[in-house]
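Enquirer: My questions all concern the structure below.
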Amino acid sequence: MTKITRLFIVTLVLAFSTFHVGKAQELEDFVSAYTGENGRMYLQPLGDALGANLSSNLFHSAKIPKMKFNIELSIATATVFISNNQRTFEATPDASFTPANPSEVPVTVPTVFGSTQSVTLAGEGGTATSFPGGVDLNAVPIAVPQLRVGSVFGTDFTVRYFGIDLGDELGSLNLFGFGIRHSISQYLPDAFPVQLAAGYYNHSLALENFSETSASLINIQGSKKFGLLMVYSALGYESADTNFNYTSSEADGEVNLDLDTSNSLRFTLGAALKLGPLFVNADYNLGMSNVVSVGLGFSIGQ
Amino acid sequence: MKKIYVILTLIIGISLSSCENKIIDLVVKINDTFDYNADNSGTFTDSYTVTSADILDNFDYDVSGIEDVNISYLELLVQENNGNQASRIRATGTFLDNNTATPIVVFQDLEFNIADFSSSPQVITGYQIGGINALADKLAGFINATDLSDFTLSITGTAIDGSGNPVPEVINLDMSLTLDAEVIFEEEASLPAFP
């Protein structure tokens, strides 16, 4: 493989058919000028987006039979929307750089999702320092294959997996996720008006030579059926951690950035339409980032 | 089951497919150090001839669309050798494109205590815009392969006392001049477009 649009692959890792490669660009070129805090703030929105996407579209019903074989295969898509405050950050130039006008520091510059235009800060005597542009994206989608199998004692299991070899420079791209849900409704009276379940999910998304994201979500799920329509909701607690490794032209060596996304509550509200074995679902998530999810799939045994 | 999976994948893929080409400004650092020796009484001059290989050997990037080259800063590290008597120096740095005959001042009348510059590199002050621009243009010529002729960075100095007056002290110093520059270049990437 010749060079590819690396950043694009990271941001849209699993939306495999959504883009075409233009002129090649190495992912490291985007961040090579950055180390330390500037690098962390440049990449933080990417870590946040990946974490939010991975923890989305994990269920569309809280109903879990107590003891019955059932299986569901689907494509789960999620699209995180990039807010304005995720498109810029306040950067501080290298301590050895002398700005012509110190009041201009810190300087507002693009994050990885920000404007494609670089920002240049004038220094004393004709010196200058520049901050790279971003990819100017308003949203980041992913699509992942998802398998759910149940149920034993009101418990089912969810697995996500995706792997692709991106060549020698980037190595392999692997996503693995698992989840476990347990029915709460089985302990409640049959007359209880909604189905309830508790779930825990953990994901790992690794681009072998550049980044690794882990995301986890624990939530309480609820759903109620109205004919063919299932309305569902959840309240959960999510966290994510992304680690980037790259070679910096500034630090003259490997840079390791560990980005922790602030833990936050996540509220989900959605609906699913079931037609025989086929279903389609859509939901909206309020959390560390706002995410819209759409899923398509089929299920047997429910 | 496999067919359904493939169909679902294609439907979602097609629904998300939309790309546009974008020009993105990227920045790559250049950081090189040049060594000098000052060994004289009262004053000194030493030069370092910088070749394109000095700059490009550590520059492993494909940057066909250069927008600009910045000189971000220069730093100086000074180590005393045996016999050195000077404790304070006034120094001036000049750039000479080896295609031309006229040196251009890059920094002027930098006064420093040797002790202050001996433990870690210190930022240079007194930049001169003409020299900084000439240096940036030369680096751009190297990277664009439009001008690969060598250039010379020279440091001229005088031993001075606390009041700035020249003193006839023996100067015997090793100096390292670090050049930190940035290359801003454009790259075209095909990126997703969302309504």
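All residue names refer to the structure tokens as shown: chains lettered A, B, ... in order, residues numbered from 1 in each chain, ligands numbered from 1 in order.
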Name the residues of stretch 22-179 of chain B that fall into helix (DSSP H, G or I) according to DSSP on the backbone, using the chain letters and numbers of this document, as an MDAnalysis selection string.

Expert: chainID B and resid 52:56 114:117 129:144

Enquirer: Considering only C-alpha atoms, extract the chain B residues located within 6 Å of chain A and return them as an MDAnalysis selection string.

Expert: chainID B and resid 13 16:17 19 24:29 70:73 123 127:129 132 188:190

Enquirer: For the residues selected in the previous step, produce a file with C-alpha atoms as a short mmCIF file (atom, residue, chain, number, x, y, z; two decimals), in the first residue's frame.

Expert:
data_model
loop_
_atom_site.label_atom_id
_atom_site.label_comp_id
_atom_site.auth_asym_id
_atom_site.auth_seq_id
_atom_site.Cartn_x
_atom_site.Cartn_y
_atom_site.Cartn_z
CA GLY B 13 -21.58 2.68 3.70
CA LEU B 16 -22.40 7.81 4.62
CA SER B 17 -20.31 8.19 1.48
CA CYS B 19 -16.00 13.17 0.30
CA ILE B 24 -4.55 21.26 5.06
CA ASP B 25 -1.70 23.35 6.45
CA LEU B 26 0.78 21.17 8.30
CA VAL B 27 3.88 22.14 10.24
CA VAL B 28 7.13 20.23 10.58
CA LYS B 29 10.04 21.25 12.80
CA ASN B 70 9.73 30.19 9.92
CA ILE B 71 12.81 30.72 11.99
CA SER B 72 11.38 30.20 15.47
CA TYR B 73 14.44 30.83 17.57
CA VAL B 123 17.63 31.86 23.85
CA TYR B 127 17.34 39.13 16.10
CA GLN B 128 17.67 41.14 12.90
CA ILE B 129 14.79 40.75 10.49
CA ILE B 132 16.26 35.94 9.88
CA GLU B 188 -4.40 17.66 -0.01
CA ALA B 189 -6.52 15.02 1.66
CA SER B 190 -9.83 13.49 0.72
#

Enquirer: Which one is closest to B:Ala115: B:Asn21, B:Gly65, B:Ala86, B:Glu75? Count only C-alpha atoms.

Expert: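 Looking at the shortest contact to B:Ala115, the residue is B:Ala86.
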
Enquirer: Write out as an MDAnalysis selection string all residues of stretch 147-251 of chain A that backbone DSSP assigns to strand (DSSP E).

Expert: chainID A and resid 147:152 155:165 172:183 195:207 211:226 229:248

Enquirer: So that I can check the surroundings of B:Pro103, please list as a list in words every protein, DNA and RNA residue that reaches within 12 Å of it, counting only C-alpha atoms and ignoring chain neighbours fewer than 6 positions away.

Expert: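 Residues near the query, excluding close chain neighbours: Ser47, Thr92, Gly93, Thr94, Phe95, Leu96, Asp97, Gly130, Gly131, Ala134, Leu135, Phe151, Thr152, Leu153, Ser154 and Ile155 of chain B.
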
Enquirer: Between A:Glu72, A:Asp165, A:Asp260, A:Glu238, which is the closest to A:Asn285 once you count only C-alpha atoms?

Expert: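 Smallest separation from A:Asn285 among the options: A:Glu238.
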
Enquirer: If we count only C-alpha atoms, what is near A:Ala62 at a cut-off of 10 Å, once residues fewer than 5 positions away on the same chain are taken out, given as an MDAnalysis selection string?

Expert: chainID A and resid 181:185 194:199 220:224 230:234

Enquirer: Would you mind exporting N, CA and C atoms of the selected residues as a PDB file, in the first residue's frame?

Expert:
ATOM      1  N   ARG A 181     -25.131  -7.898  29.745  1.00  0.00           N
ATOM      2  CA  ARG A 181     -26.341  -7.271  30.290  1.00  0.00           C
ATOM      3  C   ARG A 181     -27.079  -8.283  31.155  1.00  0.00           C
ATOM      4  N   HIS A 182     -27.723  -7.766  32.131  1.00  0.00           N
ATOM      5  CA  HIS A 182     -28.507  -8.637  33.013  1.00  0.00           C
ATOM      6  C   HIS A 182     -29.888  -8.017  33.208  1.00  0.00           C
ATOM      7  N   SER A 183     -30.875  -8.857  33.069  1.00  0.00           N
ATOM      8  CA  SER A 183     -32.250  -8.378  33.187  1.00  0.00           C
ATOM      9  C   SER A 183     -32.588  -8.021  34.636  1.00  0.00           C
ATOM     10  N   ILE A 184     -33.106  -6.853  34.821  1.00  0.00           N
ATOM     11  CA  ILE A 184     -33.629  -6.463  36.132  1.00  0.00           C
ATOM     12  C   ILE A 184     -35.110  -6.831  36.220  1.00  0.00           C
ATOM     13  N   SER A 185     -35.731  -6.835  35.041  1.00  0.00           N
ATOM     14  CA  SER A 185     -37.175  -7.091  35.007  1.00  0.00           C
ATOM     15  C   SER A 185     -37.543  -8.449  35.575  1.00  0.00           C
ATOM     16  N   VAL A 194     -42.279  -1.190  32.364  1.00  0.00           N
ATOM     17  CA  VAL A 194     -41.181  -1.154  31.389  1.00  0.00           C
ATOM     18  C   VAL A 194     -40.189  -2.281  31.676  1.00  0.00           C
ATOM     19  N   GLN A 195     -39.488  -2.674  30.628  1.00  0.00           N
ATOM     20  CA  GLN A 195     -38.400  -3.639  30.778  1.00  0.00           C
ATOM     21  C   GLN A 195     -37.154  -2.896  31.251  1.00  0.00           C
ATOM     22  N   LEU A 196     -36.443  -3.516  32.186  1.00  0.00           N
ATOM     23  CA  LEU A 196     -35.223  -2.886  32.705  1.00  0.00           C
ATOM     24  C   LEU A 196     -34.065  -3.879  32.662  1.00  0.00           C
ATOM     25  N   ALA A 197     -32.874  -3.348  32.384  1.00  0.00           N
ATOM     26  CA  ALA A 197     -31.671  -4.180  32.397  1.00  0.00           C
ATOM     27  C   ALA A 197     -30.487  -3.306  32.783  1.00  0.00           C
ATOM     28  N   ALA A 198     -29.457  -3.955  33.289  1.00  0.00           N
ATOM     29  CA  ALA A 198     -28.205  -3.256  33.596  1.00  0.00           C
ATOM     30  C   ALA A 198     -27.121  -3.782  32.666  1.00  0.00           C
ATOM     31  N   GLY A 199     -26.310  -2.873  32.136  1.00  0.00           N
ATOM     32  CA  GLY A 199     -25.298  -3.297  31.180  1.00  0.00           C
ATOM     33  C   GLY A 199     -23.924  -2.724  31.476  1.00  0.00           C
ATOM     34  N   ILE A 220     -28.043   1.734  33.031  1.00  0.00           N
ATOM     35  CA  ILE A 220     -29.335   1.123  33.297  1.00  0.00           C
ATOM     36  C   ILE A 220     -30.205   1.387  32.076  1.00  0.00           C
ATOM     37  N   GLN A 221     -30.732   0.314  31.509  1.00  0.00           N
ATOM     38  CA  GLN A 221     -31.495   0.435  30.268  1.00  0.00           C
ATOM     39  C   GLN A 221     -32.979   0.171  30.539  1.00  0.00           C
ATOM     40  N   GLY A 222     -33.790   0.876  29.803  1.00  0.00           N
ATOM     41  CA  GLY A 222     -35.231   0.659  29.907  1.00  0.00           C
ATOM     42  C   GLY A 222     -35.869   0.680  28.537  1.00  0.00           C
ATOM     43  N   SER A 223     -36.928  -0.088  28.340  1.00  0.00           N
ATOM     44  CA  SER A 223     -37.615  -0.057  27.050  1.00  0.00           C
ATOM     45  C   SER A 223     -39.084  -0.433  27.237  1.00  0.00           C
ATOM     46  N   LYS A 224     -39.883   0.007  26.286  1.00  0.00           N
ATOM     47  CA  LYS A 224     -41.321  -0.345  26.295  1.00  0.00           C
ATOM     48  C   LYS A 224     -41.771  -0.486  24.846  1.00  0.00           C
ATOM     49  N   MET A 230     -40.430  -0.041  19.420  1.00  0.00           N
ATOM     50  CA  MET A 230     -39.831  -0.170  20.747  1.00  0.00           C
ATOM     51  C   MET A 230     -39.181   1.173  21.098  1.00  0.00           C
ATOM     52  N   VAL A 231     -39.627   1.746  22.193  1.00  0.00           N
ATOM     53  CA  VAL A 231     -38.992   2.980  22.670  1.00  0.00           C
ATOM     54  C   VAL A 231     -38.022   2.605  23.783  1.00  0.00           C
ATOM     55  N   TYR A 232     -36.819   3.110  23.710  1.00  0.00           N
ATOM     56  CA  TYR A 232     -35.820   2.727  24.711  1.00  0.00           C
ATOM     57  C   TYR A 232     -35.039   3.936  25.203  1.00  0.00           C
ATOM     58  N   SER A 233     -34.474   3.762  26.377  1.00  0.00           N
ATOM     59  CA  SER A 233     -33.714   4.851  26.996  1.00  0.00           C
ATOM     60  C   SER A 233     -32.677   4.235  27.932  1.00  0.00           C
ATOM     61  N   ALA A 234     -31.709   5.028  28.308  1.00  0.00           N
ATOM     62  CA  ALA A 234     -30.691   4.552  29.256  1.00  0.00           C
ATOM     63  C   ALA A 234     -30.052   5.736  29.949  1.00  0.00           C
TER      64      ALA A 234
END

Enquirer: With a distance cut-off of 9 Å and only C-alpha atoms, select the neighbouring residues of A:Asp156, excluding the residue or stretch itself and same-chain residues fewer than 5 positions from it, and output the selection as an MDAnalysis selection string.

Expert: chainID A and resid 64:65 70 148:151 179:183

Enquirer: So that I have them on file, write out the residues from the current selection with N, CA and C atoms, as a short mmCIF file (atom, residue, chain, number, x, y, z; two decimals), in the first residue's frame.

Expert:
data_model
loop_
_atom_site.label_atom_id
_atom_site.label_comp_id
_atom_site.auth_asym_id
_atom_site.auth_seq_id
_atom_site.Cartn_x
_atom_site.Cartn_y
_atom_site.Cartn_z
N ILE A 64 -34.73 -8.96 28.03
CA ILE A 64 -33.81 -10.10 27.96
C ILE A 64 -34.55 -11.32 28.51
N PRO A 65 -34.81 -12.30 27.65
CA PRO A 65 -35.47 -13.51 28.16
C PRO A 65 -34.63 -14.16 29.25
N ASN A 70 -31.28 -16.73 21.80
CA ASN A 70 -31.61 -15.67 20.85
C ASN A 70 -30.31 -15.03 20.40
N ARG A 148 -24.96 -10.04 19.29
CA ARG A 148 -25.45 -10.21 20.66
C ARG A 148 -26.06 -11.60 20.77
N VAL A 149 -25.71 -12.31 21.80
CA VAL A 149 -26.19 -13.67 22.01
C VAL A 149 -26.71 -13.80 23.43
N GLY A 150 -27.84 -14.47 23.58
CA GLY A 150 -28.39 -14.71 24.90
C GLY A 150 -29.31 -15.90 24.87
N SER A 151 -30.00 -16.11 25.92
CA SER A 151 -29.75 -15.51 27.22
C SER A 151 -29.75 -16.63 28.25
N GLY A 179 -19.69 -6.76 25.87
CA GLY A 179 -20.64 -6.23 26.83
C GLY A 179 -21.44 -7.35 27.47
N ILE A 180 -21.94 -7.08 28.63
CA ILE A 180 -22.77 -8.05 29.33
C ILE A 180 -23.96 -7.31 29.91
N ARG A 181 -25.13 -7.90 29.75
CA ARG A 181 -26.34 -7.27 30.29
C ARG A 181 -27.08 -8.28 31.16
N HIS A 182 -27.72 -7.77 32.13
CA HIS A 182 -28.51 -8.64 33.01
C HIS A 182 -29.89 -8.02 33.21
N SER A 183 -30.88 -8.86 33.07
CA SER A 183 -32.25 -8.38 33.19
C SER A 183 -32.59 -8.02 34.64
#

Enquirer: Applying 10 Å and only C-alpha atoms, which residues near B:Asp174 remain after dropping the ones on its own chain fewer than 6 positions away? List them as a ChimeraX atom specification.

Expert: /B:35-39,77-81,118

Enquirer: I'd like the contact shell of A:Val105 - 9 Å cut-off, only C-alpha atoms, skipping same-chain residues fewer than 2 positions apart - returned as a PDB file with C-alpha atoms, in the first residue's frame.

Expert:
ATOM      1  CA  GLU A  90      -5.424  27.836  23.469  1.00  0.00           C
ATOM      2  CA  ALA A  91      -1.848  26.969  22.533  1.00  0.00           C
ATOM      3  CA  THR A  92       1.344  28.180  24.161  1.00  0.00           C
ATOM      4  CA  PRO A  93       4.410  28.480  21.933  1.00  0.00           C
ATOM      5  CA  PRO A  99       6.537  36.615  20.696  1.00  0.00           C
ATOM      6  CA  ASN A 101       3.424  40.872  21.205  1.00  0.00           C
ATOM      7  CA  PRO A 102       3.286  38.841  24.430  1.00  0.00           C
ATOM      8  CA  SER A 103      -0.385  39.725  24.890  1.00  0.00           C
ATOM      9  CA  VAL A 107      -3.051  31.876  20.862  1.00  0.00           C
ATOM     10  CA  THR A 108      -6.257  30.256  19.630  1.00  0.00           C
ATOM     11  CA  LEU A 121       2.396  33.943  15.638  1.00  0.00           C
TER      12      LEU A 121
END

Enquirer: State, in Å with one decimal place, the distance from atom CA of B:Gly42 to atom CA of B:Gly83.

Expert: 13.0 Å
